[in-house]
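Working notes, beginning with the structure itself.
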Amino acid sequence: MLVRLLYASRATAPLTAPVVDSILEQSRKNNAPHGITGMLCFSEDIFLQVIEGGREAVCELFNTIVRDPRHGHVRLLSYEEITERRFGGWTMGQVNIAKVNPSLLLKYSTKATLDPFNNSGHASMALLNELIETAAVVNRGG
């Protein structure tokens, strides 16, 4: 059974390029053997990530993220059974929100910033879908 999980967290250390690169490299290396696909958005100190795969693999990965010292204030935004993947070709796509047009963020939030803690999981997922459609995703790692 396939599932999709969406969560947000706060970085416990500054999100420098080497930190983000390390997280993405580790994700891409570990996700493929477990059939995990998804996308990571980040902005200042916030992560917004969607992961897809088998229920067991997704739940285990989420538990690992919750225990990861790089993540704090981890919040589950959405969890659902799915019939097909949205991110099937990506071991982990990447979006740096600082490079996204602020009007796109404002479409889904009260401010032109990434704030999944004050948005619904549905609005956060709609933002991710629009980021895909506007080709804002880079380094898909497929």
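So you can find residues: chains in the structure tokens are A, B, ... in the order shown, residues in each start at 1, and ligands are numbered from 1 in order.
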
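Those residues that approach region 110-119 of chain A to within 10 Å, counting only C-alpha atoms, are Tyr7, Ala8, Ser9, Arg10, Cys41, Phe42, Ser43, Glu44, Asp45, Ile46, Phe47, Leu48, His73, Val74, Arg75, Leu76, Leu77, Ile97, Ala98, Val100, Asn101, Pro102, Ser103, Leu104, Met125 and Leu127 of chain A; same-chain residues fewer than 6 positions away are not listed.
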
Okay, now the selection with N, CA and C atoms, as a compact mmCIF listing (two decimals), in the first residue's frame?
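Dumped everything to result.txt:
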```txt
# COMPACT_ATOMS: atom_id res chain seq x y z
N TYR A 7 5.11 16.71 6.29
CA TYR A 7 5.44 17.23 7.62
C TYR A 7 6.21 18.53 7.50
N ALA A 8 6.26 19.26 8.60
CA ALA A 8 7.08 20.46 8.71
C ALA A 8 7.94 20.32 9.96
N SER A 9 9.10 20.97 9.92
CA SER A 9 9.96 21.00 11.11
C SER A 9 10.80 22.26 11.07
N ARG A 10 11.41 22.54 12.20
CA ARG A 10 12.32 23.67 12.30
C ARG A 10 13.74 23.13 12.42
N CYS A 41 11.28 21.20 0.72
CA CYS A 41 11.33 22.67 0.61
C CYS A 41 11.98 23.18 1.88
N PHE A 42 12.77 24.23 1.74
CA PHE A 42 13.39 24.81 2.92
C PHE A 42 13.48 26.31 2.77
N SER A 43 13.42 26.98 3.90
CA SER A 43 13.49 28.43 3.94
C SER A 43 13.95 28.85 5.32
N GLU A 44 15.04 29.56 5.37
CA GLU A 44 15.59 30.02 6.65
C GLU A 44 15.72 28.85 7.61
N ASP A 45 14.79 28.68 8.55
CA ASP A 45 14.91 27.58 9.51
C ASP A 45 13.78 26.56 9.39
N ILE A 46 13.07 26.55 8.28
CA ILE A 46 11.90 25.67 8.14
C ILE A 46 12.11 24.64 7.04
N PHE A 47 11.72 23.40 7.36
CA PHE A 47 11.64 22.32 6.38
C PHE A 47 10.16 22.03 6.14
N LEU A 48 9.81 21.81 4.91
CA LEU A 48 8.50 21.28 4.52
C LEU A 48 8.81 20.14 3.57
N HIS A 73 10.70 20.54 16.58
CA HIS A 73 9.32 20.98 16.37
C HIS A 73 8.69 20.29 15.15
N VAL A 74 8.91 18.98 15.01
CA VAL A 74 8.38 18.22 13.87
C VAL A 74 6.87 18.08 14.02
N ARG A 75 6.15 18.44 12.95
CA ARG A 75 4.69 18.38 12.97
C ARG A 75 4.17 17.66 11.73
N LEU A 76 3.34 16.65 11.95
CA LEU A 76 2.68 15.93 10.87
C LEU A 76 1.55 16.81 10.34
N LEU A 77 1.58 17.11 9.04
CA LEU A 77 0.55 17.96 8.43
C LEU A 77 -0.50 17.15 7.68
N ILE A 97 12.97 28.00 -1.04
CA ILE A 97 11.86 28.95 -1.08
C ILE A 97 12.36 30.39 -1.30
N ALA A 98 13.57 30.68 -0.91
CA ALA A 98 14.11 32.03 -1.11
C ALA A 98 14.17 32.40 -2.60
N VAL A 100 11.80 31.48 -4.81
CA VAL A 100 10.45 31.40 -5.35
C VAL A 100 9.80 32.77 -5.28
N ASN A 101 9.00 33.09 -6.29
CA ASN A 101 8.28 34.36 -6.30
C ASN A 101 7.39 34.45 -5.06
N PRO A 102 7.55 35.51 -4.25
CA PRO A 102 6.75 35.64 -3.03
C PRO A 102 5.23 35.62 -3.26
N SER A 103 4.78 36.04 -4.43
CA SER A 103 3.34 36.02 -4.69
C SER A 103 2.79 34.60 -4.70
N LEU A 104 3.61 33.62 -5.05
CA LEU A 104 3.17 32.23 -5.01
C LEU A 104 2.95 31.79 -3.55
N MET A 125 0.23 21.24 0.75
CA MET A 125 0.35 20.31 -0.37
C MET A 125 0.03 21.00 -1.68
N LEU A 127 0.61 24.11 -2.36
CA LEU A 127 1.82 24.87 -2.68
C LEU A 127 2.86 23.98 -3.33
```

DSSP on the backbone, then: every residue of chain A marked alpha helix (DSSP H), written as a PDB file with N, CA and C atoms, in the first residue's frame.
```pdb
ATOM      1  N   ALA A  17      24.191  26.041   3.001  1.00  0.00           N
ATOM      2  CA  ALA A  17      24.213  25.173   1.810  1.00  0.00           C
ATOM      3  C   ALA A  17      24.822  23.807   2.119  1.00  0.00           C
ATOM      4  N   PRO A  18      25.941  23.704   2.856  1.00  0.00           N
ATOM      5  CA  PRO A  18      26.478  22.377   3.167  1.00  0.00           C
ATOM      6  C   PRO A  18      25.526  21.509   4.000  1.00  0.00           C
ATOM      7  N   VAL A  19      24.780  22.124   4.913  1.00  0.00           N
ATOM      8  CA  VAL A  19      23.824  21.357   5.727  1.00  0.00           C
ATOM      9  C   VAL A  19      22.723  20.793   4.844  1.00  0.00           C
ATOM     10  N   VAL A  20      22.140  21.636   3.991  1.00  0.00           N
ATOM     11  CA  VAL A  20      21.069  21.190   3.097  1.00  0.00           C
ATOM     12  C   VAL A  20      21.600  20.140   2.128  1.00  0.00           C
ATOM     13  N   ASP A  21      22.785  20.356   1.573  1.00  0.00           N
ATOM     14  CA  ASP A  21      23.373  19.378   0.654  1.00  0.00           C
ATOM     15  C   ASP A  21      23.577  18.028   1.334  1.00  0.00           C
ATOM     16  N   SER A  22      24.013  18.057   2.585  1.00  0.00           N
ATOM     17  CA  SER A  22      24.225  16.818   3.332  1.00  0.00           C
ATOM     18  C   SER A  22      22.909  16.075   3.546  1.00  0.00           C
ATOM     19  N   ILE A  23      21.865  16.808   3.911  1.00  0.00           N
ATOM     20  CA  ILE A  23      20.548  16.194   4.115  1.00  0.00           C
ATOM     21  C   ILE A  23      20.040  15.574   2.819  1.00  0.00           C
ATOM     22  N   LEU A  24      20.166  16.319   1.726  1.00  0.00           N
ATOM     23  CA  LEU A  24      19.685  15.810   0.438  1.00  0.00           C
ATOM     24  C   LEU A  24      20.499  14.610  -0.031  1.00  0.00           C
ATOM     25  N   GLU A  25      21.816  14.662   0.140  1.00  0.00           N
ATOM     26  CA  GLU A  25      22.661  13.535  -0.270  1.00  0.00           C
ATOM     27  C   GLU A  25      22.293  12.281   0.518  1.00  0.00           C
ATOM     28  N   GLN A  26      22.115  12.437   1.830  1.00  0.00           N
ATOM     29  CA  GLN A  26      21.736  11.310   2.670  1.00  0.00           C
ATOM     30  C   GLN A  26      20.357  10.776   2.270  1.00  0.00           C
ATOM     31  N   SER A  27      19.407  11.677   1.997  1.00  0.00           N
ATOM     32  CA  SER A  27      18.059  11.263   1.590  1.00  0.00           C
ATOM     33  C   SER A  27      18.105  10.468   0.301  1.00  0.00           C
ATOM     34  N   ARG A  28      18.802  10.990  -0.684  1.00  0.00           N
ATOM     35  CA  ARG A  28      18.843  10.315  -1.989  1.00  0.00           C
ATOM     36  C   ARG A  28      19.508   8.957  -1.898  1.00  0.00           C
ATOM     37  N   LYS A  29      20.535   8.864  -1.079  1.00  0.00           N
ATOM     38  CA  LYS A  29      21.242   7.589  -0.918  1.00  0.00           C
ATOM     39  C   LYS A  29      20.352   6.560  -0.209  1.00  0.00           C
ATOM     40  N   ASN A  30      19.661   6.999   0.844  1.00  0.00           N
ATOM     41  CA  ASN A  30      18.877   6.062   1.650  1.00  0.00           C
ATOM     42  C   ASN A  30      17.474   5.801   1.104  1.00  0.00           C
ATOM     43  N   ASN A  31      16.907   6.753   0.381  1.00  0.00           N
ATOM     44  CA  ASN A  31      15.516   6.605  -0.052  1.00  0.00           C
ATOM     45  C   ASN A  31      15.334   5.590  -1.166  1.00  0.00           C
ATOM     46  N   ARG A  55       3.804   1.963   3.182  1.00  0.00           N
ATOM     47  CA  ARG A  55       3.451   2.456   4.519  1.00  0.00           C
ATOM     48  C   ARG A  55       4.562   2.214   5.532  1.00  0.00           C
ATOM     49  N   GLU A  56       5.097   1.020   5.570  1.00  0.00           N
ATOM     50  CA  GLU A  56       6.141   0.690   6.547  1.00  0.00           C
ATOM     51  C   GLU A  56       7.376   1.577   6.353  1.00  0.00           C
ATOM     52  N   ALA A  57       7.828   1.717   5.107  1.00  0.00           N
ATOM     53  CA  ALA A  57       9.032   2.517   4.837  1.00  0.00           C
ATOM     54  C   ALA A  57       8.816   3.988   5.166  1.00  0.00           C
ATOM     55  N   VAL A  58       7.663   4.528   4.823  1.00  0.00           N
ATOM     56  CA  VAL A  58       7.369   5.945   5.100  1.00  0.00           C
ATOM     57  C   VAL A  58       7.282   6.187   6.604  1.00  0.00           C
ATOM     58  N   CYS A  59       6.602   5.301   7.318  1.00  0.00           N
ATOM     59  CA  CYS A  59       6.485   5.469   8.770  1.00  0.00           C
ATOM     60  C   CYS A  59       7.848   5.371   9.447  1.00  0.00           C
ATOM     61  N   GLU A  60       8.674   4.420   9.025  1.00  0.00           N
ATOM     62  CA  GLU A  60      10.017   4.293   9.597  1.00  0.00           C
ATOM     63  C   GLU A  60      10.857   5.539   9.316  1.00  0.00           C
ATOM     64  N   LEU A  61      10.775   6.050   8.095  1.00  0.00           N
ATOM     65  CA  LEU A  61      11.529   7.263   7.762  1.00  0.00           C
ATOM     66  C   LEU A  61      11.049   8.446   8.603  1.00  0.00           C
ATOM     67  N   PHE A  62       9.750   8.599   8.747  1.00  0.00           N
ATOM     68  CA  PHE A  62       9.232   9.704   9.557  1.00  0.00           C
ATOM     69  C   PHE A  62       9.709   9.584  11.006  1.00  0.00           C
ATOM     70  N   ASN A  63       9.699   8.381  11.556  1.00  0.00           N
ATOM     71  CA  ASN A  63      10.202   8.183  12.919  1.00  0.00           C
ATOM     72  C   ASN A  63      11.681   8.559  13.021  1.00  0.00           C
ATOM     73  N   THR A  64      12.456   8.261  11.989  1.00  0.00           N
ATOM     74  CA  THR A  64      13.868   8.641  11.962  1.00  0.00           C
ATOM     75  C   THR A  64      14.011  10.157  11.940  1.00  0.00           C
ATOM     76  N   ILE A  65      13.191  10.829  11.154  1.00  0.00           N
ATOM     77  CA  ILE A  65      13.227  12.296  11.065  1.00  0.00           C
ATOM     78  C   ILE A  65      12.879  12.918  12.417  1.00  0.00           C
ATOM     79  N   VAL A  66      11.872  12.381  13.083  1.00  0.00           N
ATOM     80  CA  VAL A  66      11.471  12.905  14.392  1.00  0.00           C
ATOM     81  C   VAL A  66      12.634  12.815  15.385  1.00  0.00           C
ATOM     82  N   ARG A  67      13.427  11.750  15.298  1.00  0.00           N
ATOM     83  CA  ARG A  67      14.560  11.565  16.212  1.00  0.00           C
ATOM     84  C   ARG A  67      15.829  12.289  15.754  1.00  0.00           C
ATOM     85  N   PRO A 102       7.546  35.507  -4.250  1.00  0.00           N
ATOM     86  CA  PRO A 102       6.750  35.635  -3.025  1.00  0.00           C
ATOM     87  C   PRO A 102       5.235  35.617  -3.262  1.00  0.00           C
ATOM     88  N   SER A 103       4.784  36.040  -4.434  1.00  0.00           N
ATOM     89  CA  SER A 103       3.337  36.024  -4.694  1.00  0.00           C
ATOM     90  C   SER A 103       2.791  34.595  -4.702  1.00  0.00           C
ATOM     91  N   LEU A 104       3.608  33.618  -5.051  1.00  0.00           N
ATOM     92  CA  LEU A 104       3.172  32.225  -5.008  1.00  0.00           C
ATOM     93  C   LEU A 104       2.945  31.795  -3.555  1.00  0.00           C
ATOM     94  N   LEU A 105       3.830  32.186  -2.674  1.00  0.00           N
ATOM     95  CA  LEU A 105       3.659  31.863  -1.256  1.00  0.00           C
ATOM     96  C   LEU A 105       2.424  32.552  -0.684  1.00  0.00           C
ATOM     97  N   LEU A 106       2.216  33.791  -1.081  1.00  0.00           N
ATOM     98  CA  LEU A 106       1.076  34.562  -0.595  1.00  0.00           C
ATOM     99  C   LEU A 106      -0.250  33.947  -1.036  1.00  0.00           C
ATOM    100  N   LYS A 107      -0.235  33.243  -2.142  1.00  0.00           N
ATOM    101  CA  LYS A 107      -1.444  32.578  -2.635  1.00  0.00           C
ATOM    102  C   LYS A 107      -1.970  31.554  -1.623  1.00  0.00           C
ATOM    103  N   GLY A 121      -2.582  21.419   6.138  1.00  0.00           N
ATOM    104  CA  GLY A 121      -1.815  20.466   5.337  1.00  0.00           C
ATOM    105  C   GLY A 121      -2.247  20.519   3.883  1.00  0.00           C
ATOM    106  N   HIS A 122      -3.530  20.748   3.657  1.00  0.00           N
ATOM    107  CA  HIS A 122      -4.057  20.839   2.288  1.00  0.00           C
ATOM    108  C   HIS A 122      -3.425  22.021   1.540  1.00  0.00           C
ATOM    109  N   ALA A 123      -3.331  23.187   2.193  1.00  0.00           N
ATOM    110  CA  ALA A 123      -2.724  24.362   1.557  1.00  0.00           C
ATOM    111  C   ALA A 123      -1.241  24.139   1.297  1.00  0.00           C
ATOM    112  N   SER A 124      -0.558  23.490   2.226  1.00  0.00           N
ATOM    113  CA  SER A 124       0.875  23.210   2.034  1.00  0.00           C
ATOM    114  C   SER A 124       1.094  22.258   0.869  1.00  0.00           C
ATOM    115  N   MET A 125       0.230  21.243   0.750  1.00  0.00           N
ATOM    116  CA  MET A 125       0.348  20.309  -0.371  1.00  0.00           C
ATOM    117  C   MET A 125       0.026  21.003  -1.684  1.00  0.00           C
ATOM    118  N   ALA A 126      -0.951  21.904  -1.686  1.00  0.00           N
ATOM    119  CA  ALA A 126      -1.277  22.663  -2.901  1.00  0.00           C
ATOM    120  C   ALA A 126      -0.086  23.516  -3.325  1.00  0.00           C
ATOM    121  N   LEU A 127       0.611  24.107  -2.362  1.00  0.00           N
ATOM    122  CA  LEU A 127       1.817  24.873  -2.680  1.00  0.00           C
ATOM    123  C   LEU A 127       2.863  23.977  -3.334  1.00  0.00           C
ATOM    124  N   LEU A 128       3.098  22.800  -2.772  1.00  0.00           N
ATOM    125  CA  LEU A 128       4.080  21.873  -3.359  1.00  0.00           C
ATOM    126  C   LEU A 128       3.689  21.482  -4.782  1.00  0.00           C
ATOM    127  N   ASN A 129       2.414  21.216  -4.988  1.00  0.00           N
ATOM    128  CA  ASN A 129       1.960  20.868  -6.336  1.00  0.00           C
ATOM    129  C   ASN A 129       2.196  22.016  -7.310  1.00  0.00           C
ATOM    130  N   GLU A 130       1.954  23.238  -6.871  1.00  0.00           N
ATOM    131  CA  GLU A 130       2.181  24.377  -7.756  1.00  0.00           C
ATOM    132  C   GLU A 130       3.672  24.593  -8.010  1.00  0.00           C
ATOM    133  N   LEU A 131       4.505  24.321  -7.030  1.00  0.00           N
ATOM    134  CA  LEU A 131       5.948  24.424  -7.236  1.00  0.00           C
ATOM    135  C   LEU A 131       6.409  23.434  -8.316  1.00  0.00           C
ATOM    136  N   ILE A 132       5.799  22.261  -8.322  1.00  0.00           N
ATOM    137  CA  ILE A 132       6.111  21.277  -9.372  1.00  0.00           C
ATOM    138  C   ILE A 132       5.694  21.824 -10.733  1.00  0.00           C
ATOM    139  N   GLU A 133       4.476  22.343 -10.804  1.00  0.00           N
ATOM    140  CA  GLU A 133       3.945  22.821 -12.067  1.00  0.00           C
ATOM    141  C   GLU A 133       4.689  24.031 -12.609  1.00  0.00           C
TER     142      GLU A 133
END
```

query: With distances taken over only C-alpha atoms, which of A:Thr83, A:Gly89, A:Ser109, A:Met1 is nearest to Ala32 (chain A)?
result: A:Gly89

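In this structure, CA of Ile36 (chain A) sits 17.6 Å away from CA of Asp68 (chain A).
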
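Our summary of the geometry notes that CA of Ala13 (chain A) is positioned 28.3 Å from CA of Pro33 (chain A).
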
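Closest approach to Gly54 (chain A) among A:Arg86, A:Thr37, A:Pro14, A:Val3 is made by A:Val3 (distances from only C-alpha atoms).
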
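For the atom pair formed by CA of Val95 (chain A) and CA of Thr134 (chain A), the distance is 11.4 Å, given to one decimal.
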